[in-house]
>>> print(open('start.txt').read())   # compact mmCIF, C-alpha atoms
# COMPACT_ATOMS: atom_id res chain seq x y z
CA MET A 1 5.84 -2.49 16.01
CA LYS A 2 8.54 -2.45 13.34
CA TYR A 3 11.56 -4.13 14.97
CA SER A 4 12.07 -7.04 17.35
CA VAL A 5 15.58 -7.43 18.74
CA ILE A 6 16.28 -11.09 19.59
CA VAL A 7 19.26 -12.03 21.76
CA PRO A 8 20.10 -15.58 22.89
CA VAL A 9 22.11 -15.62 26.12
CA TYR A 10 24.23 -18.27 27.79
CA ASN A 11 25.94 -17.34 31.09
CA ARG A 12 26.69 -13.72 30.15
CA PRO A 13 24.70 -11.36 32.42
CA ASP A 14 27.39 -8.63 32.33
CA GLU A 15 27.36 -8.55 28.54
CA VAL A 16 23.56 -8.37 28.49
CA ASP A 17 23.71 -5.37 30.83
CA GLU A 18 25.95 -3.47 28.40
CA LEU A 19 23.83 -4.44 25.40
CA LEU A 20 20.56 -3.40 27.06
CA GLU A 21 22.06 -0.11 28.14
CA SER A 22 23.06 0.62 24.54
CA LEU A 23 19.56 -0.33 23.38
CA SER A 24 18.03 2.08 25.90
CA ASN A 25 20.06 4.88 24.30
CA GLN A 26 18.83 4.32 20.75
CA THR A 27 17.51 7.38 18.96
CA LEU A 28 14.79 5.26 17.31
CA LYS A 29 12.37 3.81 19.87
CA ASP A 30 9.99 1.66 17.80
CA PHE A 31 11.30 -1.73 18.89
CA GLU A 32 10.96 -4.51 21.43
CA VAL A 33 13.71 -6.64 22.96
CA ILE A 34 13.43 -10.38 23.43
CA ILE A 35 16.05 -12.02 25.67
CA VAL A 36 16.14 -15.81 25.52
CA GLU A 37 18.04 -17.42 28.40
CA ASP A 38 19.42 -20.64 26.95
CA GLY A 39 19.73 -22.82 30.04
CA SER A 40 22.24 -20.53 31.74
CA VAL A 41 23.77 -21.33 35.12
CA LYS A 42 24.33 -17.57 35.54
CA PRO A 43 20.99 -16.08 34.45
CA CYS A 44 20.48 -12.47 33.47
CA LYS A 45 16.95 -12.10 34.85
CA ASP A 46 18.00 -9.50 37.43
CA VAL A 47 19.77 -7.51 34.74
CA CYS A 48 16.68 -7.56 32.54
CA ASP A 49 14.51 -6.42 35.44
CA LYS A 50 16.62 -3.24 35.62
CA TYR A 51 15.42 -2.26 32.17
CA ALA A 52 11.80 -3.40 32.46
CA ASP A 53 10.53 0.19 32.75
CA ILE A 54 12.91 1.56 30.11
CA LEU A 55 12.54 -0.92 27.27
CA ALA A 56 9.73 -3.02 25.83
CA LEU A 57 11.58 -6.02 27.17
CA HIS A 58 10.49 -9.66 27.23
CA TYR A 59 12.58 -12.22 29.11
CA TYR A 60 12.23 -15.96 28.52
CA ALA A 61 14.14 -18.83 30.14
CA LYS A 62 14.34 -22.27 28.52
CA GLU A 63 16.45 -25.42 28.52
CA ASN A 64 19.73 -25.31 26.64
CA SER A 65 19.36 -26.00 22.93
CA GLY A 66 21.94 -23.71 21.34
CA PRO A 67 21.84 -20.18 19.92
CA GLY A 68 20.01 -21.05 16.69
CA GLN A 69 17.07 -22.74 18.40
CA SER A 70 16.96 -19.98 21.01
CA ARG A 71 16.65 -17.40 18.26
CA ASN A 72 13.80 -19.43 16.78
CA TYR A 73 12.16 -19.51 20.21
CA GLY A 74 12.37 -15.72 20.37
CA ALA A 75 11.15 -15.28 16.81
CA GLU A 76 8.00 -17.27 17.58
CA ARG A 77 7.17 -14.68 20.24
CA ALA A 78 8.19 -11.57 18.32
CA ASN A 79 5.79 -8.91 17.07
CA GLY A 80 8.04 -6.83 14.83
CA GLU A 81 7.93 -6.62 11.07
CA TYR A 82 11.70 -7.14 11.07
CA LEU A 83 13.64 -9.43 13.38
CA LEU A 84 17.08 -8.13 14.40
CA ILE A 85 19.38 -10.93 15.53
CA LEU A 86 22.23 -9.89 17.81
CA ASP A 87 24.81 -11.74 19.87
CA SER A 88 24.98 -10.93 23.58
CA ASP A 89 28.58 -9.71 23.25
CA VAL A 90 27.77 -6.69 21.07
CA VAL A 91 27.20 -3.08 22.05
CA LEU A 92 25.27 -0.70 19.79
CA PRO A 93 26.02 2.91 18.91
CA GLU A 94 23.00 5.11 19.55
CA GLY A 95 22.24 5.47 15.84
CA TYR A 96 22.24 1.74 15.05
CA LEU A 97 18.47 1.28 14.67
CA SER A 98 18.09 4.61 12.90
CA ALA A 99 20.72 3.51 10.36
CA ILE A 100 18.79 0.30 9.69
CA ASP A 101 15.48 2.13 9.40
CA SER A 102 16.93 4.73 7.02
CA SER A 103 18.55 2.06 4.85
CA ILE A 104 15.31 0.09 4.58
CA ARG A 105 13.18 3.15 3.77
CA HIS A 106 15.50 4.78 1.25
CA GLN A 107 17.55 1.99 -0.24
CA ALA A 108 16.23 -1.48 0.35
CA SER A 109 12.50 -1.80 0.85
CA ASP A 110 12.56 -5.05 -1.17
CA ILE A 111 15.39 -6.59 0.86
CA ALA A 112 14.52 -9.73 2.84
CA ALA A 113 17.66 -9.88 4.98
CA PHE A 114 20.57 -7.63 5.80
CA GLY A 115 23.52 -7.20 8.10
CA GLY A 116 26.22 -4.79 9.12
CA PRO A 117 29.91 -4.75 10.01
CA ASP A 118 31.56 -4.82 13.41
CA ALA A 119 34.32 -2.88 15.11
CA ALA A 120 36.33 -2.71 18.35
CA HIS A 121 35.27 -0.23 21.02
CA PRO A 122 38.00 1.96 22.57
CA SER A 123 37.29 0.34 25.96
CA PHE A 124 38.13 -3.15 24.69
CA THR A 125 41.27 -4.83 26.03
CA PRO A 126 44.37 -4.96 23.77
CA VAL A 127 43.75 -8.66 23.17
CA GLN A 128 40.12 -8.01 22.19
CA LYS A 129 41.25 -5.26 19.82
CA ALA A 130 43.85 -7.57 18.29
CA ILE A 131 41.26 -10.31 17.81
CA SER A 132 38.83 -7.80 16.32
CA TYR A 133 41.55 -6.67 13.92
CA SER A 134 42.22 -10.24 12.82
CA MET A 135 38.52 -10.77 12.13
CA THR A 136 38.05 -7.57 10.14
CA SER A 137 41.35 -7.04 8.32
CA PHE A 138 41.82 -7.59 4.60
CA PHE A 139 45.19 -9.18 5.36
CA THR A 140 43.54 -12.04 7.26
CA THR A 141 40.56 -12.47 4.85
CA GLY A 142 38.44 -11.19 7.73
CA GLY A 143 37.69 -7.98 5.87
CA ILE A 144 35.29 -9.75 3.53
CA ARG A 145 32.90 -10.50 6.41
CA GLY A 146 31.40 -7.08 6.91
CA GLY A 147 33.02 -4.42 4.78
CA LYS A 148 32.23 -2.88 1.43
CA ALA A 149 35.00 -4.68 -0.44
CA LYS A 150 33.74 -8.20 -0.93
CA LEU A 151 35.45 -11.18 -2.52
CA ASP A 152 32.20 -13.10 -2.23
CA LYS A 153 28.47 -12.39 -2.00
CA PHE A 154 27.39 -10.89 1.30
CA TYR A 155 25.68 -13.24 3.74
CA PRO A 156 24.43 -11.78 7.04
CA ARG A 157 25.96 -13.13 10.25
CA SER A 158 24.15 -13.66 13.52
CA PHE A 159 26.12 -11.09 15.52
CA ASN A 160 24.41 -8.36 13.43
CA MET A 161 21.62 -9.70 11.23
CA GLY A 162 18.16 -8.53 10.23
CA ILE A 163 15.41 -10.39 8.39
CA ARG A 164 11.74 -9.82 7.61
CA ARG A 165 9.62 -11.85 10.00
CA ASP A 166 7.55 -13.45 7.22
CA VAL A 167 10.70 -14.68 5.46
CA TYR A 168 12.11 -15.99 8.75
CA HIS A 169 9.05 -18.13 9.38
CA GLN A 170 8.73 -19.14 5.73
CA LEU A 171 12.21 -20.69 5.85
CA GLY A 172 11.90 -22.20 9.32
CA GLY A 173 14.58 -20.09 10.97
CA PHE A 174 17.94 -21.44 12.06
CA SER A 175 18.93 -25.09 11.77
CA LYS A 176 20.34 -27.22 14.59
CA MET A 177 23.90 -26.64 13.47
CA ARG A 178 25.93 -25.36 16.41
CA PHE A 179 28.53 -23.56 14.28
CA GLY A 180 27.82 -21.95 10.92
CA GLU A 181 24.06 -21.96 11.50
CA ASP A 182 23.86 -18.29 10.54
CA ILE A 183 25.58 -18.82 7.18
CA ASP A 184 23.39 -21.88 6.57
CA PHE A 185 20.33 -19.68 7.14
CA SER A 186 21.73 -16.94 4.89
CA TYR A 187 22.36 -19.47 2.13
CA ARG A 188 18.78 -20.70 2.42
CA ILE A 189 17.50 -17.13 2.21
CA VAL A 190 19.37 -16.53 -1.04
CA GLU A 191 18.54 -19.98 -2.46
CA ALA A 192 14.85 -19.19 -1.88
CA GLY A 193 15.21 -16.20 -4.22
CA HIS A 194 15.33 -13.44 -1.62
CA LYS A 195 17.67 -10.45 -1.70
CA THR A 196 20.26 -9.66 0.97
CA ARG A 197 22.30 -6.52 1.45
CA LEU A 198 25.07 -5.08 3.57
CA PHE A 199 24.18 -1.91 5.53
CA PRO A 200 27.62 -0.38 6.19
CA GLU A 201 26.20 2.30 8.51
CA ALA A 202 24.52 -0.27 10.78
CA TRP A 203 27.65 -1.40 12.59
CA VAL A 204 28.13 -2.77 16.09
CA TRP A 205 30.94 -3.02 18.61
CA HIS A 206 31.71 -6.73 18.88
CA LYS A 207 33.69 -8.05 21.85
CA ARG A 208 34.33 -11.56 20.50
CA ARG A 209 36.60 -13.82 22.57
CA THR A 210 38.72 -12.53 25.43
CA ASP A 211 41.80 -14.75 24.97
CA PHE A 212 43.61 -16.57 22.19
CA ARG A 213 42.69 -20.07 23.42
CA LYS A 214 38.96 -19.37 23.17
CA PHE A 215 39.50 -17.55 19.90
CA PHE A 216 41.32 -20.56 18.43
CA ARG A 217 38.42 -22.83 19.32
CA GLN A 218 35.96 -20.41 17.75
CA VAL A 219 37.77 -20.16 14.40
CA TYR A 220 38.60 -23.90 14.44
CA ASN A 221 34.87 -24.64 14.64
CA SER A 222 34.29 -22.14 11.83
CA GLY A 223 36.68 -24.12 9.64
CA ILE A 224 34.75 -27.29 10.40
CA ALA A 225 31.49 -25.50 9.66
CA ARG A 226 32.72 -24.45 6.22
CA ILE A 227 32.98 -28.06 5.04
CA ASN A 228 29.59 -28.90 6.58
CA LEU A 229 28.10 -25.87 4.83
CA THR A 230 29.64 -26.93 1.51
CA LYS A 231 28.08 -30.36 1.89
CA ARG A 232 24.69 -28.80 2.65
CA HIS A 233 24.96 -26.17 -0.07
CA PRO A 234 27.02 -27.48 -3.02
CA GLY A 235 28.74 -24.78 -5.03
CA THR A 236 29.13 -22.34 -2.13
CA LEU A 237 32.82 -23.09 -1.52
CA LYS A 238 34.81 -20.14 -2.90
CA LEU A 239 38.50 -19.35 -3.26
CA VAL A 240 38.40 -17.08 -0.22
CA HIS A 241 37.32 -20.03 1.94
CA LEU A 242 40.45 -21.92 0.89
CA LEU A 243 42.91 -19.13 1.69
CA PRO A 244 43.27 -19.92 5.44
CA THR A 245 44.03 -23.55 4.59
CA ILE A 246 46.59 -22.51 1.97
CA PHE A 247 48.12 -20.17 4.55
CA THR A 248 48.20 -22.94 7.16
CA LEU A 249 49.94 -25.36 4.81
CA GLY A 250 52.37 -22.61 3.83
CA VAL A 251 53.27 -21.93 7.47
CA ILE A 252 53.77 -25.65 8.14
CA GLY A 253 55.92 -25.89 5.00
CA CYS A 254 58.12 -22.96 6.05
CA LEU A 255 58.62 -24.37 9.53
CA MET A 256 59.45 -27.84 8.20
CA LEU A 257 61.94 -26.40 5.72
CA PHE A 258 63.58 -24.40 8.50
CA GLY A 259 63.72 -27.46 10.72
CA PHE A 260 65.26 -29.71 8.09
CA VAL A 261 67.86 -27.41 6.55
CA PHE A 262 68.17 -24.69 9.22
CA CYS A 263 67.77 -22.06 6.52
CA ALA A 264 66.67 -18.73 7.93
CA LEU A 265 65.35 -17.75 4.50
CA ALA A 266 62.52 -20.24 5.05
CA LEU A 267 61.13 -17.96 7.74
CA LEU A 268 61.26 -14.77 5.66
CA PRO A 269 57.66 -15.12 4.30
CA LEU A 270 56.36 -15.47 7.87
CA LEU A 271 58.41 -12.53 9.11
CA PHE A 272 57.31 -10.38 6.18
CA TYR A 273 53.64 -11.22 6.80
CA SER A 274 54.05 -10.50 10.51
CA LEU A 275 55.57 -7.11 9.70
CA ILE A 276 52.60 -6.22 7.47
CA ILE A 277 50.16 -7.16 10.24
CA PHE A 278 52.14 -5.23 12.85
CA ILE A 279 52.31 -2.03 10.78
CA ASP A 280 48.71 -2.12 9.58
CA SER A 281 47.21 -2.93 12.98
CA SER A 282 49.41 -0.42 14.81
CA ILE A 283 48.19 2.32 12.48
CA ARG A 284 44.54 1.28 12.63
CA ASN A 285 44.51 0.90 16.41
CA ARG A 286 47.03 3.65 17.13
CA SER A 287 48.87 1.27 19.41
CA LEU A 288 52.16 -0.59 18.95
CA TRP A 289 51.10 -3.08 21.64
CA VAL A 290 47.85 -3.95 19.84
CA GLY A 291 49.85 -4.16 16.62
CA LEU A 292 52.19 -6.68 18.24
CA LEU A 293 49.30 -8.73 19.66
CA SER A 294 47.68 -8.72 16.24
CA ILE A 295 50.47 -10.95 14.91
CA PRO A 296 49.52 -14.01 17.01
CA ALA A 297 45.84 -13.10 16.57
CA ALA A 298 46.22 -13.22 12.78
CA PHE A 299 48.04 -16.56 12.88
CA VAL A 300 45.40 -18.00 15.23
CA GLN A 301 42.59 -16.71 13.01
CA LEU A 302 44.00 -18.19 9.81
CA MET A 303 45.55 -21.39 11.12
CA GLY A 304 42.71 -22.22 13.51
CA TYR A 305 40.26 -21.99 10.63
CA GLY A 306 42.64 -23.84 8.31
CA LEU A 307 43.19 -26.74 10.71
CA GLY A 308 39.47 -27.11 11.35
CA PHE A 309 38.86 -27.06 7.60
CA ILE A 310 41.47 -29.78 7.02
CA GLU A 311 40.05 -32.03 9.74
CA ALA A 312 36.52 -31.62 8.41
CA TRP A 313 37.67 -32.21 4.82
CA TRP A 314 39.38 -35.45 5.87
CA LYS A 315 36.40 -36.77 7.83
CA ARG A 316 33.63 -35.61 5.51
CA CYS A 317 35.23 -35.88 2.06
CA ILE A 318 37.78 -38.69 2.46
CA LEU A 319 36.28 -40.87 5.17
CA LYS A 320 32.75 -40.03 3.93
CA GLN A 321 31.32 -39.54 7.42
CA ASP A 322 28.06 -37.63 7.74
CA GLU A 323 27.99 -34.37 9.69
CA PHE A 324 26.56 -35.87 12.87
CA GLN A 325 28.93 -38.85 12.84
CA ALA A 326 32.02 -36.74 12.15
CA PHE A 327 31.28 -33.85 14.51
CA GLU A 328 28.58 -34.93 16.91
CA ARG A 329 29.50 -32.23 19.42
CA THR A 330 28.98 -29.45 16.87
CA PHE A 331 25.25 -30.16 16.56
CA TYR A 332 22.44 -29.76 19.06
CA LYS A 333 19.95 -32.58 19.32
>>> encode(input="start.txt", output="structure tokens")
Amino acid sequence: MKYSVIVPVYNRPDEVDELLESLSNQTLKDFEVIIVEDGSVKPCKDVCDKYADILALHYYAKENSGPGQSRNYGAERANGEYLLILDSDVVLPEGYLSAIDSSIRHQASDIAAFGGPDAAHPSFTPVQKAISYSMTSFFTTGGIRGGKAKLDKFYPRSFNMGIRRDVYHQLGGFSKMRFGEDIDFSYRIVEAGHKTRLFPEAWVWHKRRTDFRKFFRQVYNSGIARINLTKRHPGTLKLVHLLPTIFTLGVIGCLMLFGFVFCALALLPLLFYSLIIFIDSSIRNRSLWVGLLSIPAAFVQLMGYGLGFIEAWWKRCILKQDEFQAFERTFYK
């Protein structure tokens, strides 16, 4: 068997149903699916049973230990030459596996790890589309994550990531980091001398968070993870990682200037940026409402990350706390 699809799940049976349905519609059939239930209160066993006669599906339930360790649990039981790591909140176009297989055979037979971009499905809610825009747009720095135009070297992310099984086991899989564990693994892959590559044709529909509060927490934790990753992998902090923090400080500066001198000109940079987001997102999504929602989504994406980055920088770099002492809740024991 060539491919093993590994999906950690925590309380998301409905999402698993959609993902498994999209897997059952793949044009390439040489794969198995490994679902790892990570201590869920709402298990997806019944959902998996629906597809038992359609897919080569293996369901495992275990105590909660986080997505990284659940992926490792699945990898230990996988048979495929390549392990495909997916999040439970993605849906695959029918040519997803074929695109990966074609890319490996014709372009990248020597590649150890790879990944693809993500997009918003037409059925997504306006808020989900706005959040997706903020995470994939050049104007929010999100565009560097999965597109062709890169400001930094490509590192696969766990929502859409593939790796040769021998390399996975050689490097010990994912660490116990709760946030940023996929980038940590990607860094270790590259540091070990292996090649990675973006497969633009192997894209997924990615639902992400369903409201701005959850989205803020997600990107805030990503900002924290960036400092922890920099401590683990010196030299990996790039200019693009600093942009959300610069943006955050700029927004705070504009608001303080407006508050102190009541000068409307202080808000012009924020209004101009909001107008750019509104126009670009409205065109891309063909919706003025999604374009309007993309304004708060963009500010949440940048400022959430920036604030998390600042807190982590203060605790890790100024107070000199170690990663477990500073952010105990962001690591699994």
>>> residues_around(input="start.txt", residues="A:Gly180", least_positions_apart="6", cutoff="12 Å", atoms="all atoms listed in the file", output="list in words")
Pro67, Gly68, Tyr155, Pro156, Arg157, Ser158, Phe159, Phe174, Ser186, Tyr187, Gln218, Val219, Tyr220, Asn221, Ser222, Gly223, Ile224, Ala225, Arg226, Ile227, Asn228, Leu229, Thr230, Arg232, Thr330 and Phe331 of chain A
>>> closest_residue(input="start.txt", among="A:Glu63, A:Asp17, A:Asp53, A:Asp211", to="A:Val41", atoms="only C-alpha atoms")
A:Glu63
>>> closest_residue(input="start.txt", among="A:Lys207, A:Lys45, A:Arg197, A:Arg164", to="A:Thr125", atoms="all atoms listed in the file")
A:Lys207
>>> closest_residue(input="start.txt", among="A:Asp101, A:Gly172, A:Thr141, A:Leu255", to="A:Leu239", atoms="all atoms listed in the file")
A:Thr141
>>> residues_near_point(input="start.txt", point="(7.4, -11.8, 20.1)", cutoff="12 Å", atoms="only C-alpha atoms", output="JSON, numbers by chain")
{"A": [1, 2, 3, 4, 5, 6, 7, 31, 32, 33, 34, 35, 36, 56, 57, 58, 59, 60, 71, 72, 73, 74, 75, 76, 77, 78, 79, 80, 81, 82, 83, 84, 165]}
>>> atom_distance(input="start.txt", atom1="atom CA of A:Phe309", atom2="atom CA of A:Thr245")
6.9 Å
>>> atom_distance(input="start.txt", atom1="atom CA of A:Phe258", atom2="atom CA of A:Lys214")
29.1 Å
>>> closest_residue(input="start.txt", among="A:Ile54, A:Ala192, A:Leu292, A:Met256", to="A:Gln170", atoms="all atoms listed in the file")
A:Ala192
>>> residues_near_point(input="start.txt", point="(17.1, 1.5, 11.8)", cutoff="12 Å", atoms="only C-alpha atoms", output="number ranges by chain")
A: 2-5, 23, 26-31, 82-84, 92-106, 108, 114-116, 162, 199, 201-203
>>> write_last_selection(input="start.txt", atoms="C-alpha atoms", output="compact mmCIF listing (two decimals), keeping the file's coordinate frame")
# COMPACT_ATOMS: atom_id res chain seq x y z
CA LYS A 2 8.54 -2.45 13.34
CA TYR A 3 11.56 -4.13 14.97
CA SER A 4 12.07 -7.04 17.35
CA VAL A 5 15.58 -7.43 18.74
CA LEU A 23 19.56 -0.33 23.38
CA GLN A 26 18.83 4.32 20.75
CA THR A 27 17.51 7.38 18.96
CA LEU A 28 14.79 5.26 17.31
CA LYS A 29 12.37 3.81 19.87
CA ASP A 30 9.99 1.66 17.80
CA PHE A 31 11.30 -1.73 18.89
CA TYR A 82 11.70 -7.14 11.07
CA LEU A 83 13.64 -9.43 13.38
CA LEU A 84 17.08 -8.13 14.40
CA LEU A 92 25.27 -0.70 19.79
CA PRO A 93 26.02 2.91 18.91
CA GLU A 94 23.00 5.11 19.55
CA GLY A 95 22.24 5.47 15.84
CA TYR A 96 22.24 1.74 15.05
CA LEU A 97 18.47 1.28 14.67
CA SER A 98 18.09 4.61 12.90
CA ALA A 99 20.72 3.51 10.36
CA ILE A 100 18.79 0.30 9.69
CA ASP A 101 15.48 2.13 9.40
CA SER A 102 16.93 4.73 7.02
CA SER A 103 18.55 2.06 4.85
CA ILE A 104 15.31 0.09 4.58
CA ARG A 105 13.18 3.15 3.77
CA HIS A 106 15.50 4.78 1.25
CA ALA A 108 16.23 -1.48 0.35
CA PHE A 114 20.57 -7.63 5.80
CA GLY A 115 23.52 -7.20 8.10
CA GLY A 116 26.22 -4.79 9.12
CA GLY A 162 18.16 -8.53 10.23
CA PHE A 199 24.18 -1.91 5.53
CA GLU A 201 26.20 2.30 8.51
CA ALA A 202 24.52 -0.27 10.78
CA TRP A 203 27.65 -1.40 12.59
>>> atom_distance(input="start.txt", atom1="atom CA of A:Phe215", atom2="atom CA of A:Ala297")
8.4 Å
>>> residues_around(input="start.txt", residues="A:Val251", least_positions_apart="6", cutoff="10 Å", atoms="only C-alpha atoms", output="ChimeraX atom specification")
/A:245,257,266-267,269-270,299,303
>>> closest_residue(input="start.txt", among="A:Ser287, A:Asn11, A:Ser88, A:Asn160", to="A:Ala119", atoms="only C-alpha atoms")
A:Asn160
>>> closest_residue(input="start.txt", among="A:Leu302, A:Val91, A:Ile131, A:Ile85", to="A:Ala113", atoms="all atoms listed in the file")
A:Ile85
